[in-house]
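So this one's my_file00.pdb, PDB, C-alpha atoms, pLDDT in the B column:
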ATOM      1  CA  MET U  16     103.131  86.537  81.324  1.00 94.00           C
ATOM      2  CA  LEU U  17      99.833  85.712  79.646  1.00 95.00           C
ATOM      3  CA  VAL U  18      99.210  88.127  76.768  1.00 96.00           C
ATOM      4  CA  LEU U  19      95.683  88.737  75.509  1.00 96.00           C
ATOM      5  CA  THR U  20      94.438  91.083  72.837  1.00 96.00           C
ATOM      6  CA  ARG U  21      91.223  92.985  73.476  1.00 97.00           C
ATOM      7  CA  ARG U  22      89.189  95.657  71.762  1.00 97.00           C
ATOM      8  CA  VAL U  23      87.509  98.522  73.569  1.00 97.00           C
ATOM      9  CA  GLY U  24      84.540  97.191  75.521  1.00 97.00           C
ATOM     10  CA  GLU U  25      85.910  93.666  75.789  1.00 97.00           C
ATOM     11  CA  THR U  26      86.867  92.111  79.129  1.00 98.00           C
ATOM     12  CA  ILE U  27      89.200  89.629  80.790  1.00 97.00           C
ATOM     13  CA  MET U  28      88.323  87.366  83.735  1.00 97.00           C
ATOM     14  CA  VAL U  29      91.034  86.822  86.342  1.00 96.00           C
ATOM     15  CA  GLY U  30      90.008  83.837  88.433  1.00 96.00           C
ATOM     16  CA  ASP U  31      86.295  83.634  89.145  1.00 96.00           C
ATOM     17  CA  ASP U  32      85.783  87.014  90.750  1.00 96.00           C
ATOM     18  CA  ILE U  33      87.833  89.638  88.947  1.00 97.00           C
ATOM     19  CA  GLU U  34      86.931  91.240  85.644  1.00 98.00           C
ATOM     20  CA  VAL U  35      89.022  93.770  83.742  1.00 98.00           C
ATOM     21  CA  GLU U  36      87.390  95.838  80.998  1.00 98.00           C
ATOM     22  CA  VAL U  37      89.118  97.965  78.375  1.00 97.00           C
ATOM     23  CA  LEU U  38      87.180 101.257  78.530  1.00 98.00           C
ATOM     24  CA  GLU U  39      89.115 103.546  76.248  1.00 97.00           C
ATOM     25  CA  VAL U  40      92.213 103.383  74.120  1.00 97.00           C
ATOM     26  CA  ARG U  41      94.249 106.389  72.963  1.00 96.00           C
ATOM     27  CA  PRO U  42      97.799 106.509  71.658  1.00 96.00           C
ATOM     28  CA  GLY U  43     100.058 105.389  74.526  1.00 96.00           C
ATOM     29  CA  ILE U  44      97.258 105.315  77.104  1.00 96.00           C
ATOM     30  CA  VAL U  45      94.612 102.775  77.997  1.00 96.00           C
ATOM     31  CA  ARG U  46      91.790 103.225  80.511  1.00 97.00           C
ATOM     32  CA  LEU U  47      90.882 100.047  82.361  1.00 97.00           C
ATOM     33  CA  GLY U  48      87.908  99.287  84.589  1.00 97.00           C
ATOM     34  CA  VAL U  49      88.150  96.555  87.228  1.00 97.00           C
ATOM     35  CA  ARG U  50      85.321  94.728  88.962  1.00 96.00           C
ATOM     36  CA  ALA U  51      86.560  92.790  91.978  1.00 93.00           C
ATOM     37  CA  PRO U  52      85.457  91.773  95.476  1.00 88.00           C
ATOM     38  CA  LYS U  53      85.977  94.421  98.165  1.00 80.00           C
ATOM     39  CA  SER U  54      88.752  92.432  99.794  1.00 77.00           C
ATOM     40  CA  VAL U  55      90.909  92.497  96.657  1.00 84.00           C
ATOM     41  CA  ARG U  56      93.208  95.514  96.339  1.00 82.00           C
ATOM     42  CA  VAL U  57      93.207  97.091  92.905  1.00 89.00           C
ATOM     43  CA  LEU U  58      95.896  99.757  92.688  1.00 91.00           C
ATOM     44  CA  ARG U  59      98.594 101.109  90.386  1.00 93.00           C
ATOM     45  CA  SER U  60     101.585  98.822  90.877  1.00 93.00           C
ATOM     46  CA  GLU U  61     104.048 101.569  91.643  1.00 93.00           C
ATOM     47  CA  LEU U  62     101.894 102.692  94.565  1.00 94.00           C
ATOM     48  CA  VAL U  63     101.832  99.233  96.117  1.00 94.00           C
ATOM     49  CA  ALA U  64     105.602  98.972  95.606  1.00 96.00           C
ATOM     50  CA  GLU U  65     106.106 102.290  97.368  1.00 96.00           C
ATOM     51  CA  VAL U  66     104.114 101.149 100.406  1.00 97.00           C
ATOM     52  CA  ALA U  67     105.931  97.796 100.452  1.00 96.00           C
ATOM     53  CA  SER U  68     109.217  99.669 100.424  1.00 95.00           C
ATOM     54  CA  ALA U  69     108.125 101.961 103.262  1.00 95.00           C
ATOM     55  CA  ASN U  70     107.038  98.914 105.269  1.00 96.00           C
ATOM     56  CA  ALA U  71     110.397  97.245 104.662  1.00 94.00           C
ATOM     57  CA  GLU U  72     112.146 100.334 106.029  1.00 92.00           C
ATOM     58  CA  ALA U  73     109.942 100.342 109.109  1.00 94.00           C
ATOM     59  CA  LEU U  74     110.061  96.639 110.012  1.00 92.00           C
ATOM     60  CA  LYS U  75     112.865  96.376 112.513  1.00 84.00           C
ATOM     61  CA  GLU U  76     114.236  94.290 115.322  1.00 83.00           C
ATOM     62  CA  THR U  77     111.968  94.774 118.295  1.00 83.00           C
ATOM     63  CA  PRO U  78     113.294  97.823 120.136  1.00 82.00           C
ATOM     64  CA  ASP U  79     113.426  98.488 123.831  1.00 84.00           C
ATOM     65  CA  LEU U  80     109.965  99.679 124.848  1.00 84.00           C
ATOM     66  CA  GLY U  81     111.398 102.075 127.414  1.00 84.00           C
ATOM     67  CA  ALA U  82     113.481 103.807 124.754  1.00 84.00           C
ATOM     68  CA  ILE U  83     110.401 104.272 122.582  1.00 86.00           C
ATOM     69  CA  ALA U  84     108.333 105.578 125.470  1.00 84.00           C
ATOM     70  CA  ALA U  85     111.049 108.173 126.149  1.00 85.00           C
ATOM     71  CA  LEU U  86     110.740 109.701 122.685  1.00 87.00           C
ATOM     72  CA  LYS U  87     109.166 113.134 122.689  1.00 88.00           C
ATOM     73  CA  PRO U  88     107.746 113.837 119.265  1.00 92.00           C
ATOM     74  CA  ASN U  89     106.789 117.390 118.300  1.00 94.00           C
ATOM     75  CA  PRO U  90     103.489 117.622 116.416  1.00 95.00           C
ATOM     76  CA  GLN U  91     103.833 118.650 112.802  1.00 95.00           C
ATOM     77  CA  PRO U  92     100.677 119.724 110.954  1.00 96.00           C
ATOM     78  CA  VAL U  93      99.991 118.070 107.640  1.00 96.00           C
ATOM     79  CA  THR U  94      98.035 119.117 104.558  1.00 95.00           C
ATOM     80  CA  ARG U  95      97.153 117.220 101.420  1.00 94.00           C
ATOM     81  CA  SER U  96      99.407 117.781  98.454  1.00 91.00           C
ATOM     82  CA  ASN U  97      98.082 118.073  94.911  1.00 78.00           C
ATOM     83  CA  ARG U  98      99.649 115.437  92.716  1.00 54.00           C
TER      84      ARG U  98
ATOM     85  CA  MET B  12     102.542  86.930 134.782  1.00 49.00           C
ATOM     86  CA  SER B  13     100.664  90.003 133.613  1.00 49.00           C
ATOM     87  CA  ASP B  14      96.980  89.954 134.319  1.00 52.00           C
ATOM     88  CA  ILE B  15      96.268  91.954 131.205  1.00 64.00           C
ATOM     89  CA  ASP B  16      97.259  90.224 127.974  1.00 73.00           C
ATOM     90  CA  PRO B  17      98.161  92.581 125.148  1.00 79.00           C
ATOM     91  CA  PRO B  18      95.697  92.096 122.300  1.00 84.00           C
ATOM     92  CA  VAL B  19      96.484  89.894 119.311  1.00 94.00           C
ATOM     93  CA  ILE B  20      95.747  91.667 116.029  1.00 96.00           C
ATOM     94  CA  THR B  21      95.360  89.712 112.806  1.00 97.00           C
ATOM     95  CA  THR B  22      96.041  91.102 109.337  1.00 97.00           C
ATOM     96  CA  PRO B  23      94.309  88.464 107.175  1.00 94.00           C
ATOM     97  CA  ASP B  24      95.930  89.739 103.985  1.00 91.00           C
ATOM     98  CA  GLY B  25      99.277  90.491 105.572  1.00 95.00           C
ATOM     99  CA  LEU B  26     100.763  93.896 104.743  1.00 96.00           C
ATOM    100  CA  PRO B  27     101.725  95.211 101.294  1.00 94.00           C
ATOM    101  CA  GLY B  28     105.035  93.558 100.521  1.00 93.00           C
ATOM    102  CA  PHE B  29     104.663  91.192 103.479  1.00 95.00           C
ATOM    103  CA  ASP B  30     101.901  88.799 102.651  1.00 93.00           C
ATOM    104  CA  HIS B  31     103.018  86.290 105.254  1.00 96.00           C
ATOM    105  CA  LEU B  32     102.945  88.585 108.307  1.00 97.00           C
ATOM    106  CA  ARG B  33      99.471  87.971 109.656  1.00 97.00           C
ATOM    107  CA  GLU B  34      99.600  87.903 113.431  1.00 97.00           C
ATOM    108  CA  TRP B  35     100.770  90.593 115.769  1.00 97.00           C
ATOM    109  CA  VAL B  36     100.710  91.584 119.398  1.00 95.00           C
ATOM    110  CA  LEU B  37      99.916  95.257 119.968  1.00 93.00           C
ATOM    111  CA  GLU B  38     101.996  96.519 122.854  1.00 91.00           C
ATOM    112  CA  GLN B  39     101.774  99.888 124.493  1.00 88.00           C
ATOM    113  CA  THR B  40     105.126 101.482 125.127  1.00 85.00           C
ATOM    114  CA  GLY B  41     104.111 103.667 128.007  1.00 81.00           C
ATOM    115  CA  GLU B  42     101.043 105.331 129.432  1.00 81.00           C
ATOM    116  CA  GLU B  43     101.840 108.739 127.993  1.00 84.00           C
ATOM    117  CA  SER B  44     103.421 107.689 124.729  1.00 89.00           C
ATOM    118  CA  VAL B  45     101.633 107.975 121.388  1.00 90.00           C
ATOM    119  CA  PHE B  46     103.779 105.108 120.133  1.00 93.00           C
ATOM    120  CA  SER B  47     102.820 101.457 120.186  1.00 93.00           C
ATOM    121  CA  LEU B  48     104.540  98.400 118.884  1.00 93.00           C
ATOM    122  CA  LEU B  49     103.097  95.733 116.608  1.00 95.00           C
ATOM    123  CA  ARG B  50     105.243  92.753 117.474  1.00 94.00           C
ATOM    124  CA  SER B  51     105.183  90.047 114.808  1.00 96.00           C
ATOM    125  CA  LEU B  52     104.218  86.542 115.884  1.00 96.00           C
ATOM    126  CA  ASP B  53     105.165  85.163 112.447  1.00 96.00           C
ATOM    127  CA  ARG B  54     108.712  86.521 112.544  1.00 94.00           C
ATOM    128  CA  PRO B  55     109.792  86.578 116.163  1.00 90.00           C
ATOM    129  CA  GLY B  56     112.108  89.444 116.948  1.00 90.00           C
ATOM    130  CA  ILE B  57     110.626  91.759 114.299  1.00 92.00           C
ATOM    131  CA  SER B  58     108.252  94.644 115.042  1.00 94.00           C
ATOM    132  CA  LEU B  59     106.545  97.578 113.448  1.00 95.00           C
ATOM    133  CA  LEU B  60     106.491 100.873 115.315  1.00 95.00           C
ATOM    134  CA  VAL B  61     103.113 102.554 114.989  1.00 96.00           C
ATOM    135  CA  ALA B  62     101.443 105.659 116.360  1.00 96.00           C
ATOM    136  CA  GLU B  63      98.086 107.329 116.603  1.00 95.00           C
ATOM    137  CA  PRO B  64      98.345 110.120 114.050  1.00 97.00           C
ATOM    138  CA  TRP B  65      95.906 112.699 115.386  1.00 96.00           C
ATOM    139  CA  GLU B  66      98.196 114.493 117.859  1.00 93.00           C
ATOM    140  CA  LEU B  67     101.367 114.022 115.848  1.00 95.00           C
ATOM    141  CA  ALA B  68      99.973 115.194 112.513  1.00 97.00           C
ATOM    142  CA  PRO B  69      97.172 117.706 113.099  1.00 97.00           C
ATOM    143  CA  GLY B  70      95.141 118.174 109.949  1.00 97.00           C
ATOM    144  CA  TYR B  71      95.254 114.499 108.998  1.00 98.00           C
ATOM    145  CA  GLU B  72      91.828 113.526 107.704  1.00 97.00           C
ATOM    146  CA  PRO B  73      92.077 110.162 105.999  1.00 97.00           C
ATOM    147  CA  ASP B  74      89.114 109.126 103.924  1.00 95.00           C
ATOM    148  CA  LEU B  75      88.938 105.372 104.552  1.00 95.00           C
ATOM    149  CA  PRO B  76      87.672 103.686 101.373  1.00 91.00           C
ATOM    150  CA  ASP B  77      84.285 101.971 101.675  1.00 89.00           C
ATOM    151  CA  ALA B  78      85.614  98.845  99.991  1.00 87.00           C
ATOM    152  CA  GLU B  79      88.441  98.541 102.497  1.00 91.00           C
ATOM    153  CA  MET B  80      86.167  99.214 105.456  1.00 93.00           C
ATOM    154  CA  GLY B  81      83.792  96.575 104.125  1.00 90.00           C
ATOM    155  CA  ALA B  82      86.641  94.094 103.845  1.00 89.00           C
ATOM    156  CA  LEU B  83      87.395  94.811 107.489  1.00 93.00           C
ATOM    157  CA  GLY B  84      83.754  94.313 108.483  1.00 93.00           C
ATOM    158  CA  ALA B  85      83.582  97.882 109.758  1.00 95.00           C
ATOM    159  CA  HIS B  86      80.354  99.784 109.169  1.00 91.00           C
ATOM    160  CA  HIS B  87      81.197 103.019 110.892  1.00 91.00           C
ATOM    161  CA  PRO B  88      84.350 105.074 111.530  1.00 91.00           C
ATOM    162  CA  ASP B  89      83.818 104.541 115.263  1.00 93.00           C
ATOM    163  CA  ASP B  90      84.335 100.806 114.751  1.00 94.00           C
ATOM    164  CA  VAL B  91      87.997 101.340 113.972  1.00 97.00           C
ATOM    165  CA  ALA B  92      91.208 102.802 115.311  1.00 96.00           C
ATOM    166  CA  VAL B  93      93.734 104.299 112.911  1.00 97.00           C
ATOM    167  CA  LEU B  94      97.449 103.695 113.391  1.00 97.00           C
ATOM    168  CA  VAL B  95     100.258 104.867 111.127  1.00 98.00           C
ATOM    169  CA  VAL B  96     103.583 103.140 110.550  1.00 97.00           C
ATOM    170  CA  VAL B  97     106.571 105.011 111.968  1.00 95.00           C
ATOM    171  CA  ARG B  98     110.170 104.876 110.840  1.00 94.00           C
ATOM    172  CA  LEU B  99     112.563 106.275 113.380  1.00 91.00           C
ATOM    173  CA  ASP B 100     115.736 108.058 112.341  1.00 89.00           C
ATOM    174  CA  VAL B 101     117.405 108.513 115.691  1.00 82.00           C
ATOM    175  CA  GLU B 102     120.534 110.171 114.255  1.00 85.00           C
ATOM    176  CA  SER B 103     118.596 112.967 112.600  1.00 89.00           C
ATOM    177  CA  ARG B 104     116.142 113.015 115.525  1.00 89.00           C
ATOM    178  CA  GLN B 105     113.135 112.516 113.313  1.00 93.00           C
ATOM    179  CA  ALA B 106     110.273 110.115 112.949  1.00 94.00           C
ATOM    180  CA  PHE B 107     108.610 109.539 109.586  1.00 95.00           C
ATOM    181  CA  LEU B 108     104.907 108.719 109.568  1.00 97.00           C
ATOM    182  CA  ASN B 109     103.289 106.893 106.668  1.00 98.00           C
ATOM    183  CA  LEU B 110     100.047 108.846 106.316  1.00 98.00           C
ATOM    184  CA  ALA B 111      99.336 107.426 102.852  1.00 97.00           C
ATOM    185  CA  ALA B 112      98.817 103.874 104.083  1.00 98.00           C
ATOM    186  CA  PRO B 113      97.393 103.718 107.614  1.00 98.00           C
ATOM    187  CA  ILE B 114      96.820 100.466 109.463  1.00 98.00           C
ATOM    188  CA  VAL B 115      93.166 100.460 110.362  1.00 98.00           C
ATOM    189  CA  VAL B 116      92.172  98.216 113.259  1.00 97.00           C
ATOM    190  CA  HIS B 117      88.708  96.855 113.960  1.00 97.00           C
ATOM    191  CA  ALA B 118      89.238  96.740 117.700  1.00 90.00           C
ATOM    192  CA  ALA B 119      86.296  94.522 118.628  1.00 93.00           C
ATOM    193  CA  LYS B 120      87.215  91.888 116.055  1.00 95.00           C
ATOM    194  CA  GLY B 121      90.979  92.121 116.511  1.00 95.00           C
ATOM    195  CA  VAL B 122      91.391  92.424 112.739  1.00 97.00           C
ATOM    196  CA  ALA B 123      93.338  95.055 110.794  1.00 97.00           C
ATOM    197  CA  ARG B 124      94.188  96.104 107.243  1.00 96.00           C
ATOM    198  CA  GLN B 125      96.788  98.459 105.909  1.00 97.00           C
ATOM    199  CA  MET B 126      94.695 100.687 103.628  1.00 96.00           C
ATOM    200  CA  ILE B 127      96.495 102.424 100.795  1.00 96.00           C
ATOM    201  CA  LEU B 128      94.877 105.846 100.361  1.00 96.00           C
ATOM    202  CA  ASP B 129      95.158 106.476  96.655  1.00 92.00           C
ATOM    203  CA  ARG B 130      95.075 110.061  95.409  1.00 90.00           C
ATOM    204  CA  GLN B 131      94.289 111.680  98.732  1.00 95.00           C
ATOM    205  CA  GLY B 132      97.559 113.576  98.794  1.00 95.00           C
ATOM    206  CA  TRP B 133      98.756 112.389 102.229  1.00 97.00           C
ATOM    207  CA  PRO B 134     102.530 111.965 102.431  1.00 96.00           C
ATOM    208  CA  MET B 135     104.117 108.539 102.723  1.00 96.00           C
ATOM    209  CA  ARG B 136     106.900 110.015 104.840  1.00 96.00           C
ATOM    210  CA  HIS B 137     105.642 112.836 107.051  1.00 97.00           C
ATOM    211  CA  ALA B 138     108.517 114.089 109.181  1.00 96.00           C
ATOM    212  CA  VAL B 139     108.060 114.768 112.879  1.00 96.00           C
ATOM    213  CA  ALA B 140     110.900 116.088 115.022  1.00 94.00           C
ATOM    214  CA  LEU B 141     111.878 114.173 118.152  1.00 90.00           C
ATOM    215  CA  GLY B 142     112.611 116.474 121.057  1.00 81.00           C
ATOM    216  CA  ALA B 143     115.011 115.866 123.904  1.00 60.00           C
TER     217      ALA B 143
END
Could you quickly redo this structure as structure tokens?
Amino acid sequence: MLVLTRRVGETIMVGDDIEVEVLEVRPGIVRLGVRAPKSVRVLRSELVAEVASANAEALKETPDLGAIAALKPNPQPVTRSNR
Amino acid sequence: MSDIDPPVITTPDGLPGFDHLREWVLEQTGEESVFSLLRSLDRPGISLLVAEPWELAPGYEPDLPDAEMGALGAHHPDDVAVLVVVRLDVESRQAFLNLAAPIVVHAAKGVARQMILDRQGWPMRHAVALGA
């Protein structure tokens, strides 16, 4: 891991197109701003890991299409949850 | 030989956790089924079950991030179709829909991205019962 020390307001360049700025520092918490091209995902790591895990659960041996077509799902309404 | 070839969908950035899975065939499972199959061309024999979420999860209103839509080359919601990844649990007779990270397909271009919807409150495992 490359370790750099920055003060508030200073930035780091990752490659040619990604810039990370330290916006605010408080005890135990840092606020970071990221400038990156649209095609680059910038997300909390644990969120990406959760999606990767869900994908891993879902990727399966190709099932029998007829068996899938026979499934009769019952609609279940959804609402947003407050996190 | 079928006279209608199922469409090839490309995910240029792969999927989260699966960077190398970039080409898929989207197969319908049946005329009346909401389920489709994304069959991997990179890993033969492996597929992802997907579904259109609107009937299965009424109330789902994903806000597709501008940056992600831009990356897909989509300028308007009508340019895209939204599919959600499904995990089947046949024993408990349930299907779990990932509403937090839909696969958004630009149909005309045959390109898709799995868009992680951060802080929108949609569940990553929305349970739907499977009837008889």
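When the PyMOL selection byres ((chain U and resi 30-42) around 12) is evaluated on the file shown here, the picked residues come out as Leu19, Thr20, Arg21, Arg22, Val23, Gly24, Glu25, Thr26, Ile27, Met28, Val29, Gly43, Ile44, Val45, Arg46, Leu47, Gly48, Val49, Arg50, Ala51, Pro52, Lys53, Ser54, Val55, Arg56 and Val57 of chain U.
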Let me see the file: selected residues, C-alpha atoms, as a CSV table (one decimal), in the coordinates of the input.
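result29.csv was written with the following content:
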chain,number,residue,atom,x,y,z
U,19,LEU,CA,95.7,88.7,75.5
U,20,THR,CA,94.4,91.1,72.8
U,21,ARG,CA,91.2,93.0,73.5
U,22,ARG,CA,89.2,95.7,71.8
U,23,VAL,CA,87.5,98.5,73.6
U,24,GLY,CA,84.5,97.2,75.5
U,25,GLU,CA,85.9,93.7,75.8
U,26,THR,CA,86.9,92.1,79.1
U,27,ILE,CA,89.2,89.6,80.8
U,28,MET,CA,88.3,87.4,83.7
U,29,VAL,CA,91.0,86.8,86.3
U,43,GLY,CA,100.1,105.4,74.5
U,44,ILE,CA,97.3,105.3,77.1
U,45,VAL,CA,94.6,102.8,78.0
U,46,ARG,CA,91.8,103.2,80.5
U,47,LEU,CA,90.9,100.0,82.4
U,48,GLY,CA,87.9,99.3,84.6
U,49,VAL,CA,88.2,96.6,87.2
U,50,ARG,CA,85.3,94.7,89.0
U,51,ALA,CA,86.6,92.8,92.0
U,52,PRO,CA,85.5,91.8,95.5
U,53,LYS,CA,86.0,94.4,98.2
U,54,SER,CA,88.8,92.4,99.8
U,55,VAL,CA,90.9,92.5,96.7
U,56,ARG,CA,93.2,95.5,96.3
U,57,VAL,CA,93.2,97.1,92.9
Using all atoms listed in the file, find which residues of chain U lie within 7 Å of chain B and jot them down as a PyMOL selection string. chain U and resi 53-54+63+66-67+72-77+80-81+83-84+86-98
Could you spell out the hits of the PyMOL selection byres ((chain B and resi 121) around 12) on the shown file, as a list in words? Pro17, Pro18, Val19, Ile20, Thr21, Thr22, Pro23, Arg33, Glu34, Trp35, Val36, Leu37, Leu83, Gly84, Ala85, Asp90, Val91, Ala92, Val115, Val116, His117, Ala118, Ala119, Lys120, Val122, Ala123 and Arg124 of chain B
Between CA of Leu62 in chain U and CA of Pro78 in chain U - distance in Å to one decimal: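 If I compute the distance from CA of Pro78 in chain U to CA of Leu62 in chain U, I get 28.4 Å.
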To box range 31-36 of chain B, take all atoms listed in the file, fit an axis-aligned box, add 5 Å on each side, and give centre and edge lengths in Å to one decimal, as lines of an AutoDock Vina configuration file.
center_x = 101.2
center_y = 88.9
center_z = 112.3
size_x = 13.5
size_y = 15.3
size_z = 24.1
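Taking CA of Glu63 in chain B and CA of Ser60 in chain U as the two end points, the separation is 27.3 Å.
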Between CA of Asn70 in chain U and CA of Asp89 in chain B, measure the distance and give it in Å to one decimal. 25.9 Å
Completed range 33-42 of chain B (all heavy atoms) as an mmCIF file, keeping the file's coordinate frame:
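Output file selection-v2.cif is given in full below:
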data_model
loop_
_atom_site.group_PDB
_atom_site.id
_atom_site.type_symbol
_atom_site.label_atom_id
_atom_site.label_comp_id
_atom_site.auth_asym_id
_atom_site.auth_seq_id
_atom_site.Cartn_x
_atom_site.Cartn_y
_atom_site.Cartn_z
ATOM 1 N N ARG B 33 100.912 87.933 109.433
ATOM 2 C CA ARG B 33 99.471 87.971 109.656
ATOM 3 C C ARG B 33 99.060 88.068 111.115
ATOM 4 O O ARG B 33 97.887 88.282 111.393
ATOM 5 C CB ARG B 33 98.834 86.705 109.065
ATOM 6 C CG ARG B 33 99.243 86.478 107.624
ATOM 7 C CD ARG B 33 98.082 86.232 106.755
ATOM 8 N NE ARG B 33 98.490 86.216 105.358
ATOM 9 C CZ ARG B 33 97.947 85.442 104.440
ATOM 10 N NH1 ARG B 33 96.987 84.605 104.778
ATOM 11 N NH2 ARG B 33 98.368 85.501 103.205
ATOM 12 N N GLU B 34 99.996 87.850 112.025
ATOM 13 C CA GLU B 34 99.600 87.903 113.431
ATOM 14 C C GLU B 34 100.570 88.772 114.209
ATOM 15 O O GLU B 34 101.793 88.652 114.067
ATOM 16 C CB GLU B 34 99.582 86.489 114.025
ATOM 17 C CG GLU B 34 98.513 85.614 113.405
ATOM 18 C CD GLU B 34 97.884 84.694 114.434
ATOM 19 O OE1 GLU B 34 98.629 84.211 115.315
ATOM 20 O OE2 GLU B 34 96.665 84.479 114.371
ATOM 21 N N TRP B 35 99.976 89.603 115.039
ATOM 22 C CA TRP B 35 100.770 90.593 115.769
ATOM 23 C C TRP B 35 100.253 90.719 117.192
ATOM 24 O O TRP B 35 99.075 90.498 117.460
ATOM 25 C CB TRP B 35 100.626 91.963 115.114
ATOM 26 C CG TRP B 35 100.775 91.969 113.634
ATOM 27 C CD1 TRP B 35 99.831 91.632 112.707
ATOM 28 C CD2 TRP B 35 101.951 92.330 112.898
ATOM 29 N NE1 TRP B 35 100.350 91.771 111.438
ATOM 30 C CE2 TRP B 35 101.640 92.198 111.522
ATOM 31 C CE3 TRP B 35 103.221 92.770 113.271
ATOM 32 C CZ2 TRP B 35 102.560 92.483 110.521
ATOM 33 C CZ3 TRP B 35 104.146 93.060 112.276
ATOM 34 C CH2 TRP B 35 103.809 92.914 110.914
ATOM 35 N N VAL B 36 101.145 91.166 118.075
ATOM 36 C CA VAL B 36 100.710 91.584 119.398
ATOM 37 C C VAL B 36 100.884 93.087 119.470
ATOM 38 O O VAL B 36 101.947 93.612 119.131
ATOM 39 C CB VAL B 36 101.558 90.899 120.497
ATOM 40 C CG1 VAL B 36 101.212 91.471 121.861
ATOM 41 C CG2 VAL B 36 101.326 89.401 120.486
ATOM 42 N N LEU B 37 99.842 93.795 119.856
ATOM 43 C CA LEU B 37 99.916 95.257 119.968
ATOM 44 C C LEU B 37 100.317 95.613 121.387
ATOM 45 O O LEU B 37 99.569 95.363 122.328
ATOM 46 C CB LEU B 37 98.558 95.875 119.624
ATOM 47 C CG LEU B 37 98.470 97.398 119.673
ATOM 48 C CD1 LEU B 37 99.415 98.031 118.660
ATOM 49 C CD2 LEU B 37 97.031 97.859 119.410
ATOM 50 N N GLU B 38 101.491 96.175 121.525
ATOM 51 C CA GLU B 38 101.996 96.519 122.854
ATOM 52 C C GLU B 38 102.095 98.014 123.037
ATOM 53 O O GLU B 38 102.623 98.727 122.187
ATOM 54 C CB GLU B 38 103.386 95.889 123.052
ATOM 55 C CG GLU B 38 103.329 94.371 123.108
ATOM 56 C CD GLU B 38 104.690 93.741 123.371
ATOM 57 O OE1 GLU B 38 105.702 94.452 123.267
ATOM 58 O OE2 GLU B 38 104.711 92.539 123.661
ATOM 59 N N GLN B 39 101.604 98.481 124.146
ATOM 60 C CA GLN B 39 101.774 99.888 124.493
ATOM 61 C C GLN B 39 103.204 100.086 124.971
ATOM 62 O O GLN B 39 103.795 99.198 125.572
ATOM 63 C CB GLN B 39 100.796 100.266 125.623
ATOM 64 C CG GLN B 39 99.335 100.038 125.271
ATOM 65 C CD GLN B 39 98.932 100.705 123.992
ATOM 66 O OE1 GLN B 39 99.287 101.849 123.731
ATOM 67 N NE2 GLN B 39 98.218 99.983 123.143
ATOM 68 N N THR B 40 103.754 101.246 124.703
ATOM 69 C CA THR B 40 105.126 101.482 125.127
ATOM 70 C C THR B 40 105.187 102.248 126.436
ATOM 71 O O THR B 40 106.201 102.275 127.103
ATOM 72 C CB THR B 40 105.904 102.268 124.060
ATOM 73 O OG1 THR B 40 105.234 103.504 123.846
ATOM 74 C CG2 THR B 40 105.960 101.489 122.767
ATOM 75 N N GLY B 41 104.097 102.877 126.774
ATOM 76 C CA GLY B 41 104.111 103.667 128.007
ATOM 77 C C GLY B 41 102.797 104.414 128.085
ATOM 78 O O GLY B 41 102.181 104.684 127.072
ATOM 79 N N GLU B 42 102.378 104.730 129.269
ATOM 80 C CA GLU B 42 101.043 105.331 129.432
ATOM 81 C C GLU B 42 100.897 106.637 128.679
ATOM 82 O O GLU B 42 99.826 106.971 128.193
ATOM 83 C CB GLU B 42 100.772 105.591 130.912
ATOM 84 C CG GLU B 42 100.231 104.371 131.598
ATOM 85 C CD GLU B 42 99.908 104.633 133.054
ATOM 86 O OE1 GLU B 42 99.800 105.818 133.425
ATOM 87 O OE2 GLU B 42 99.795 103.649 133.797
#
